[in-house]
Amino acid sequence: MSLDFAMWEQMAGSTLRVSTPLLFAVLGGLLCERAGVVNIALEGLMLVGAFAAVAAALATGSPWTGAAAGAAAGLVFAAIYALMVVRLRANQIVAGTAINMLAAGVTPFLCKILYDSSGASPNLPLDSRFAIAPVWFAWILVVACWSWLHYTPSGLWVRFAGENPEALDTAGVSVNRVRWLAVIASGAIAGLGGASLSIFLSSSFTRNMTAGRGFMALAALIFGKWKPIPAAAACLLFGFADAAQIRLQGVTLWGEQSVPVQFIQILPYLLTVLVLAGVVGKSRSPKSLGLPFHRG
Amino acid sequence: MKVAAKGGWLPLLQPILAVAAGLAAGLAVAGLAGESPWHVLKILARSAFGSPYDLGMSLFYATPLIFTGLAVALPLKAGLFNIGAEGQLTLGALAAAAVGALFPAVPWPWAPLLAGLAAFAAGAFWGFIPGWLRVRRGSHEVINTIMLNFIAAGLASWVTLYLLKNPASQNPETRDLGAGYAIAKLHVFGDAPVSSALFLALLAAAAVWVFLWKTVAGFEVRAVGENDVAARKAGIRDGRARILVMVLAGGLAGLVGIGEVLGNAGRFRLGFSPDFGFIGIAVALLARGRPEGVVAAGLLFGALHKGSADLDLETENVTRDLSLILQALVILSVSADGLWDWLKKRRTAP
């Protein structure tokens, strides 16, 4: 096979498409973690978003209500998470794991009740799906998130809640309220990511359809050093790897040897381990990430 | 995450209440789905304990959960969170199967020993990496173990499909082990594939207990977990203790491979684990990090896993996914420190 222009164009298109759910999820994760709350629940938040979006789009025939439902479902699950970690001071890793399990259990459970199959929902007709809108929306959100974090007072509060919550508290802003709102908003955005997976990239909900994309978004967040623009670039890189491995499946390069796609699949995770270890650049987390805030 | 009072009613009551609360909420969910909660509970109990075969299957699922529960509980004692048991057990099982496929002629007593050592070593290596990275490079073990899970899955897939592919099978699995590798099955449980790996799991729990409470290294681990600054001042090498627990934890998770590869499948099957590594987190939390608690919680979750398997067949609307929901609810209720503090205050205040 020749690596001609048409193929590159096709690759660029599919990179933009497959990185869209990652972009939403990474922005959700960024918001949450910059406010000082670890979010390993992204996977679960995306999954409930994906399911709710399909359910609503099937019911109403409109992808927009689907997206809204996806955001709402992510928001509800994030509210449970926020209740656990902000109010009840549960360990953030533990509660995040539980949210992921809950989402993995609840979605096929509801799928069975609604559509009599725990494996997959019925297919969406073409006009209840998005053609291209989520891609635009995701990139607008990237720019919006970046400018909001850097140029607005509330963006500053979020950054302080993660870096130096004591200072924020001294300035008279409730750290835990900022964190609550950040976590809930993060759930809504991650839910949109799930929605873009189910009603944009595919045409139905299938069991565990996020397949680790929430964790890949977490990897992109770290690889992008917890900053919106670099994190978005990381999503593109990982999206490209994803598109490339689909493209390269069964392609033979050197003689008769086909390319083991596994090596492309593990690349994002390997890069993240290396960047965290300081082998490739250095990634530093927000200072108070993971620490509950106690006044006093 | 600390229990305020050692001894007393709380350490035991809290997990029991958490399980009760999780079970009640889960059955309420089943009720909302239009099934009688009582009916669901009866199916769960019958499917988990109803016959020697069912009991055997419950024990078969409990075995890996005891290993992964220990693999999470032990690092917790040093203040580390091992989310990587899934990757560690994957590589452990793969290593056991690889040894068995590459050296099929090894005779019986040595073969399982060799495969077991390989499983432990592979898991231990996969635990060493995040331990070393945490201590020497300061990168967080939670992120690294999550990433290493995916890397392990990719490696296992590559080895299984490219290097050790079973030519006689359509499924993604490795070549068969040599005949000397099979370990004893416990025939009292009928056809259930429960093997002597169960005793190994119990032995491992006992060994972890001895390590933590009867050895110097174990004392150092606990000291680091309680207060690493004080431990360092007292001359304890905290970095070494952290790496040690991650190595041991990885090895323990790797031993899951013995029950699965030597005791059950006779080869490595890609994706054999229904997230044993993650359920291990629930097991360790419910056990509040204590080895004897891990055994109890492992048996409970093993029974739950088996019990829910029949829900698909025997109810209209409730699927086996209920067990995931139950596990999540148990984790949530056991980890809500603020809630327990509040309950305790109400008890002591008046």
# chains A, B, ... in the order shown; residues from 1 in each chain; ligands from 1
$ interface_residues --of "chain B" --to "chain A" --cutoff "9 Å" --atoms "only C-alpha atoms" --output "PyMOL selection string"
chain B and resi 1+33+81+83+133-134+136-140+142-144+146-148+150-155+157-158+162+278+281-282+285+316-332+334-340
$ write_last_selection --atoms "C-alpha atoms" --output "PDB file, in the first residue's frame"
ATOM      1  CA  MET B   1      -8.726   5.941  56.138  1.00  0.00           C
ATOM      2  CA  ALA B  33     -36.536  -3.350  37.969  1.00  0.00           C
ATOM      3  CA  PHE B  81      -2.579   2.346  46.336  1.00  0.00           C
ATOM      4  CA  ILE B  83      -4.679  -0.266  41.216  1.00  0.00           C
ATOM      5  CA  LEU B 133       8.977   4.918  39.937  1.00  0.00           C
ATOM      6  CA  ARG B 134       7.236   6.208  43.050  1.00  0.00           C
ATOM      7  CA  ARG B 136      13.026   7.081  42.794  1.00  0.00           C
ATOM      8  CA  ARG B 137      11.161   9.313  40.335  1.00  0.00           C
ATOM      9  CA  GLY B 138       8.337  10.598  42.525  1.00  0.00           C
ATOM     10  CA  SER B 139       5.591   9.670  40.059  1.00  0.00           C
ATOM     11  CA  HIS B 140       2.305   8.574  41.558  1.00  0.00           C
ATOM     12  CA  VAL B 142      -2.050   5.175  41.098  1.00  0.00           C
ATOM     13  CA  ILE B 143      -1.516   6.650  37.646  1.00  0.00           C
ATOM     14  CA  ASN B 144       1.386   4.337  36.869  1.00  0.00           C
ATOM     15  CA  ILE B 146      -3.484   2.208  35.771  1.00  0.00           C
ATOM     16  CA  MET B 147      -1.205   2.762  32.780  1.00  0.00           C
ATOM     17  CA  LEU B 148       0.678  -0.487  33.427  1.00  0.00           C
ATOM     18  CA  PHE B 150      -3.167  -1.320  29.791  1.00  0.00           C
ATOM     19  CA  ILE B 151       0.447  -1.986  28.861  1.00  0.00           C
ATOM     20  CA  ALA B 152       0.185  -5.488  30.370  1.00  0.00           C
ATOM     21  CA  ALA B 153      -3.013  -6.147  28.427  1.00  0.00           C
ATOM     22  CA  GLY B 154      -1.270  -5.100  25.198  1.00  0.00           C
ATOM     23  CA  LEU B 155       1.786  -7.235  25.912  1.00  0.00           C
ATOM     24  CA  SER B 157      -2.328  -9.856  23.624  1.00  0.00           C
ATOM     25  CA  TRP B 158       0.853  -9.650  21.550  1.00  0.00           C
ATOM     26  CA  TYR B 162       2.008 -13.720  17.833  1.00  0.00           C
ATOM     27  CA  PHE B 278     -10.443  -4.261  40.490  1.00  0.00           C
ATOM     28  CA  ILE B 281      -9.821  -3.268  45.640  1.00  0.00           C
ATOM     29  CA  ALA B 282     -13.315  -3.843  47.041  1.00  0.00           C
ATOM     30  CA  LEU B 285     -11.291  -2.129  51.502  1.00  0.00           C
ATOM     31  CA  GLU B 316     -36.858 -11.525  33.703  1.00  0.00           C
ATOM     32  CA  ASN B 317     -35.186  -8.153  34.180  1.00  0.00           C
ATOM     33  CA  VAL B 318     -32.208  -8.526  36.483  1.00  0.00           C
ATOM     34  CA  THR B 319     -28.846  -9.451  34.971  1.00  0.00           C
ATOM     35  CA  ARG B 320     -25.558 -10.563  36.486  1.00  0.00           C
ATOM     36  CA  ASP B 321     -24.496  -6.938  36.322  1.00  0.00           C
ATOM     37  CA  LEU B 322     -26.267  -6.612  39.659  1.00  0.00           C
ATOM     38  CA  SER B 323     -23.088  -7.977  41.269  1.00  0.00           C
ATOM     39  CA  LEU B 324     -21.104  -5.001  39.916  1.00  0.00           C
ATOM     40  CA  ILE B 325     -23.717  -2.638  41.301  1.00  0.00           C
ATOM     41  CA  LEU B 326     -23.611  -4.411  44.665  1.00  0.00           C
ATOM     42  CA  GLN B 327     -19.819  -4.239  44.777  1.00  0.00           C
ATOM     43  CA  ALA B 328     -19.836  -0.547  43.929  1.00  0.00           C
ATOM     44  CA  LEU B 329     -22.417   0.164  46.630  1.00  0.00           C
ATOM     45  CA  VAL B 330     -20.416  -1.782  49.202  1.00  0.00           C
ATOM     46  CA  ILE B 331     -17.263   0.169  48.336  1.00  0.00           C
ATOM     47  CA  LEU B 332     -19.124   3.456  48.527  1.00  0.00           C
ATOM     48  CA  VAL B 334     -17.456   1.330  53.431  1.00  0.00           C
ATOM     49  CA  SER B 335     -15.366   4.271  52.250  1.00  0.00           C
ATOM     50  CA  ALA B 336     -17.594   7.131  53.384  1.00  0.00           C
ATOM     51  CA  ASP B 337     -15.332   8.143  56.260  1.00  0.00           C
ATOM     52  CA  GLY B 338     -17.326  11.284  56.955  1.00  0.00           C
ATOM     53  CA  LEU B 339     -20.495   9.269  57.416  1.00  0.00           C
ATOM     54  CA  TRP B 340     -18.870   6.861  59.885  1.00  0.00           C
TER      55      TRP B 340
END
$ atom_distance --atom1 "CA of Ala232 in chain A" --atom2 "CA of Val26 in chain A"
7.5 Å
$ atom_distance --atom1 "CA of Thr20 in chain A" --atom2 "CA of Ala59 in chain A"
24.2 Å
$ residues_around --residues "range 22-24 of chain A" --least-positions-apart "4" --cutoff "10 Å" --atoms "only C-alpha atoms" --output "JSON, numbers by chain"
{"A": [16, 17, 18, 28, 29, 30, 46, 134, 135, 137, 138, 139, 141, 142, 186, 188, 189, 190, 191, 192, 193, 194, 195, 196, 197, 213, 214, 215, 216, 217, 218, 220, 221, 228, 231, 232, 233, 234, 235, 236, 238, 239]}
$ atom_distance --atom1 "CA of Thr206 in chain A" --atom2 "CA of Pro125 in chain A"
15.7 Å
$ residues_around --residues "Asn166 in chain B" --least-positions-apart "3" --cutoff "8 Å" --atoms "only C-alpha atoms" --output "tab-separated table (two decimals) with N, CA, C and O atoms, in the first residue's frame"
chain	number	residue	atom	x	y	z
B	169	SER	N	-6.68	-23.79	18.15
B	169	SER	CA	-7.83	-23.12	18.73
B	169	SER	C	-8.19	-21.84	17.96
B	169	SER	O	-7.32	-21.14	17.45
B	172	PRO	N	-8.37	-16.64	21.25
B	172	PRO	CA	-7.05	-16.09	21.55
B	172	PRO	C	-6.49	-16.71	22.82
B	172	PRO	O	-6.75	-16.25	23.92
B	173	GLU	N	-5.74	-17.80	22.66
B	173	GLU	CA	-5.14	-18.46	23.82
B	173	GLU	C	-3.81	-19.09	23.44
B	173	GLU	O	-3.54	-19.31	22.26
B	174	THR	N	-2.99	-19.36	24.47
B	174	THR	CA	-1.66	-19.89	24.20
B	174	THR	C	-1.71	-21.40	24.03
B	174	THR	O	-2.74	-22.04	24.26
B	175	ARG	N	-0.57	-21.97	23.62
B	175	ARG	CA	-0.47	-23.42	23.49
B	175	ARG	C	-0.69	-24.08	24.85
B	175	ARG	O	-0.53	-23.47	25.89
B	176	ASP	N	-1.02	-25.38	24.82
B	176	ASP	CA	-1.30	-26.09	26.07
B	176	ASP	C	-0.02	-26.30	26.89
B	176	ASP	O	1.07	-26.37	26.35
$ decode --residues "range 218-229 of chain A" --atoms "all heavy atoms" --output "tab-separated table (two decimals), in the first residue's frame"
chain	number	residue	atom	x	y	z
A	218	LEU	N	-7.34	10.33	30.90
A	218	LEU	CA	-6.52	10.62	32.08
A	218	LEU	C	-5.05	10.67	31.68
A	218	LEU	O	-4.29	11.55	32.12
A	218	LEU	CB	-6.76	9.52	33.11
A	218	LEU	CG	-6.33	9.79	34.55
A	218	LEU	CD1	-7.10	10.95	35.12
A	218	LEU	CD2	-6.55	8.54	35.39
A	219	ALA	N	-4.66	9.73	30.82
A	219	ALA	CA	-3.28	9.72	30.33
A	219	ALA	C	-2.98	11.00	29.55
A	219	ALA	O	-1.92	11.61	29.72
A	219	ALA	CB	-3.06	8.49	29.46
A	220	ALA	N	-3.92	11.40	28.71
A	220	ALA	CA	-3.72	12.62	27.91
A	220	ALA	C	-3.61	13.84	28.81
A	220	ALA	O	-2.83	14.76	28.54
A	220	ALA	CB	-4.87	12.79	26.91
A	221	LEU	N	-4.40	13.83	29.88
A	221	LEU	CA	-4.37	14.95	30.82
A	221	LEU	C	-2.99	15.10	31.45
A	221	LEU	O	-2.45	16.20	31.57
A	221	LEU	CB	-5.43	14.71	31.90
A	221	LEU	CG	-5.55	15.74	33.02
A	221	LEU	CD1	-5.92	17.09	32.45
A	221	LEU	CD2	-6.59	15.30	34.03
A	222	ILE	N	-2.41	13.97	31.83
A	222	ILE	CA	-1.09	13.99	32.46
A	222	ILE	C	-0.01	14.30	31.42
A	222	ILE	O	0.88	15.11	31.65
A	222	ILE	CB	-0.79	12.64	33.13
A	222	ILE	CG1	-1.80	12.41	34.25
A	222	ILE	CG2	0.62	12.60	33.66
A	222	ILE	CD1	-1.94	10.97	34.64
A	223	PHE	N	-0.16	13.66	30.25
A	223	PHE	CA	0.79	13.90	29.17
A	223	PHE	C	0.75	15.37	28.77
A	223	PHE	O	1.77	15.96	28.42
A	223	PHE	CB	0.45	13.01	27.98
A	223	PHE	CG	1.54	12.92	26.97
A	223	PHE	CD1	2.78	12.41	27.32
A	223	PHE	CD2	1.34	13.36	25.68
A	223	PHE	CE1	3.80	12.33	26.39
A	223	PHE	CE2	2.35	13.27	24.73
A	223	PHE	CZ	3.58	12.76	25.10
A	224	GLY	N	-0.43	15.99	28.85
A	224	GLY	CA	-0.58	17.41	28.53
A	224	GLY	C	-0.35	18.30	29.73
A	224	GLY	O	-0.74	19.47	29.72
A	225	LYS	N	0.26	17.78	30.76
A	225	LYS	CA	0.67	18.55	31.94
A	225	LYS	C	-0.48	19.35	32.57
A	225	LYS	O	-0.30	20.45	33.07
A	225	LYS	CB	1.82	19.49	31.58
A	225	LYS	CG	2.93	18.73	30.91
A	225	LYS	CD	4.12	19.59	30.57
A	225	LYS	CE	5.14	18.68	29.88
A	225	LYS	NZ	6.46	19.18	29.84
A	226	TRP	N	-1.69	18.80	32.55
A	226	TRP	CA	-2.84	19.44	33.19
A	226	TRP	C	-3.15	20.82	32.60
A	226	TRP	O	-3.68	21.68	33.28
A	226	TRP	CB	-2.63	19.54	34.71
A	226	TRP	CG	-2.83	18.25	35.43
A	226	TRP	CD1	-4.01	17.77	35.92
A	226	TRP	CD2	-1.86	17.26	35.77
A	226	TRP	NE1	-3.82	16.56	36.52
A	226	TRP	CE2	-2.51	16.22	36.46
A	226	TRP	CE3	-0.48	17.16	35.57
A	226	TRP	CZ2	-1.85	15.10	36.94
A	226	TRP	CZ3	0.18	16.04	36.05
A	226	TRP	CH2	-0.50	15.04	36.72
A	227	LYS	N	-2.77	21.06	31.32
A	227	LYS	CA	-3.07	22.34	30.67
A	227	LYS	C	-3.95	22.08	29.45
A	227	LYS	O	-3.72	21.11	28.72
A	227	LYS	CB	-1.78	23.01	30.22
A	227	LYS	CG	-0.92	23.46	31.37
A	227	LYS	CD	0.40	24.00	30.85
A	227	LYS	CE	1.28	24.40	32.02
A	227	LYS	NZ	2.69	24.43	31.63
A	228	PRO	N	-4.95	22.96	29.21
A	228	PRO	CA	-5.94	22.67	28.17
A	228	PRO	C	-5.35	22.44	26.78
A	228	PRO	O	-5.66	21.44	26.14
A	228	PRO	CB	-6.84	23.92	28.17
A	228	PRO	CG	-6.64	24.55	29.49
A	228	PRO	CD	-5.26	24.20	29.95
A	229	ILE	N	-4.50	23.35	26.31
A	229	ILE	CA	-4.03	23.24	24.93
A	229	ILE	C	-3.11	22.02	24.75
A	229	ILE	O	-3.34	21.19	23.86
A	229	ILE	CB	-3.34	24.54	24.46
A	229	ILE	CG1	-4.27	25.75	24.70
A	229	ILE	CG2	-2.93	24.45	22.99
A	229	ILE	CD1	-5.51	25.80	23.87
